[in-house]
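Trainee: My structure is below; once you've seen it, I'll send some questions.
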There are 2 protein chains.
Amino acid sequence: MIEFNNINQEPPYLLFKKKYDEAIDAGQKAIEAISISSYNKEMQEVDSRYVNLKFVNNNEFIFFTNYNSPKSIAFISHNQISALIYWSSINVQIRMKARIQKTSDEYNQEYFKHRSTDKNALAISSNQSSPIPSFDQVIKKYNKIKKDRDLKICPQYWGGFSFSPFEIEFWEGNASRLNKRDFYKLNDNIWHHSILEP
Amino acid sequence: MIEFNNINQEPPYLLFKKKYDEAIDAGQKAIEAISISSYNKEMQEVDSRYVNLKFVNNNEFIFFTNYNSPKSIAFISHNQISALIYWSSINVQIRMKARIQKTSDEYNQEYFKHRSTDKNALAISSNQSSPIPSFDQVIKKYNKIKKDRDLKICPQYWGGFSFSPFEIEFWEGNASRLNKRDFYKLNDNIWHHSILEP
């Protein structure tokens, strides 16, 4: 599930919420799964991965991760990303381009306090995406942290990223492939709408 | 469905095929849906969209599109892409980085001949991703092409892209979030395996 707070009242946000509600009603699983793609300028490489979208606060989409992970390093090197959602239950794809930035330390601490200690133990213990000799090692490290650490204090290397889209497309699949594509683009703080060819 | 031809015998390809077969057995829908992310060097922008993966021929993954579409322009400007699959039926995510290139005109003509004329009419009629005054216009244009054109001749602006990965990660979700991550990287034509932290 995604938590919505003071959702922005511009058309693409209202449409996002409407499609979300339709997908919930249609029994969509893993509705919070969103693919985030980044560009690492130094490596000159595009990369993608799924994250769990936690909040939409006004015009900001928020998820959490390890700040030393390859994706965080890519976001710092190039702060423009793309986000992609597919809700199969309603056959809707949502595409976004956005700028991304870290959330504040206060925000992260507050959020961390209210998560389960199991999740927090993993956030503290995992040096995300680093090679490790075996999967057993992963489990050992996790169990040690669970015993030894205060699991309500958020480490500096973990927290949120917030992105605000400047383009949002809603793509609705059609059996004939004559797909419907509604495109919104932010120009001088105004959202402009157009229809795209399938 | 994805068609496999002479699948490459290296470990990451065999594992890809194994996971594909498991997902099929688990009733995975839209199994051919794959997210492709690109970087447009001129615009300095990452973008993502789903495409339908059609073939895996040896070590090449192949899909088809309009060669004038924004994604095709991005592939030409920067030939490295990322590809992302999520098969919810088995909770497996597959991440790839790859180099991408066009398939040959002969290959495209041969493939086009065997597609349905409905699909071909759309391939011919759609100036993909261009703004259009209304959705009715899309349908009118499509119906006109269907009547007027030889639907077995592939236009020069339509065809395949083939990508060969140089990194492949298999991520298996676990309820505790102690996810299993198997990572394969091609170095000097040899695939190296490692385990990544969750």
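Starting from 1 in every chain, residues are counted up; chains themselves are A, B, ... following the order of the structure tokens, and ligands are numbered from 1 as listed.
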Quick one: residues within 10 Å of Ala30 of chain B, only C-alpha atoms counted, chain neighbours fewer than 2 positions away excluded, as a PyMOL selection string?
Mentor: (chain A and resi 88) or (chain B and resi 1+27-28+32-34+52+87)
Trainee: Please, which residues of chain B lie no more than 6 Å from chain A when the count uses only C-alpha atoms, and can they be set out as an MDAnalysis selection string?
Mentor: chainID B and resid 46:47 81:82 128:132 195:198
Trainee: Skipping near chain neighbours, those fewer than 5 positions away, what residues fall within 8 Å of segment 100-104 of chain A using only C-alpha atoms, listed as a PyMOL selection string?
Mentor: chain A and resi 75-76+79-81+159-164
Trainee: Restricting the output to C-alpha atoms, write the selected residues as a CSV table (one decimal), in the first residue's frame.
Mentor:
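Ended up saving to out.csv:
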```csv
chain,number,residue,atom,x,y,z
A,75,PHE,CA,21.1,9.7,-7.9
A,76,ILE,CA,23.8,12.0,-6.5
A,79,ASN,CA,19.6,13.8,-10.1
A,80,GLN,CA,17.1,13.0,-12.9
A,81,ILE,CA,15.4,9.6,-12.8
A,159,GLY,CA,17.0,7.1,4.7
A,160,GLY,CA,14.5,8.4,2.2
A,161,PHE,CA,14.6,9.8,-1.4
A,162,SER,CA,11.9,12.1,-2.6
A,163,PHE,CA,11.1,12.7,-6.3
A,164,SER,CA,8.8,15.2,-7.9
```
Trainee: Name all residues at most 10 Å from segment 5-13 of chain B (count only C-alpha atoms; drop same-chain ones fewer than 6 positions away) and give them as a list in words.
Mentor: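 With the cut-off at 10 Å, the set is Lys19, Phe55, Val56, Asn57, Asn58, Asn59, Glu60, Pro165, Glu167, Ile168, Glu169, Phe170, Asp182, Phe183, Tyr184, Lys185, Ile190, Trp191, His192 and His193 of chain B.
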Trainee: Could you tell me, as a PyMOL selection string, which residues of segment 47-149 of chain A DSSP assigns to alpha helix (DSSP H) when given the backbone?
Mentor: chain A and resi 70-77+105-113+117-125+135-148
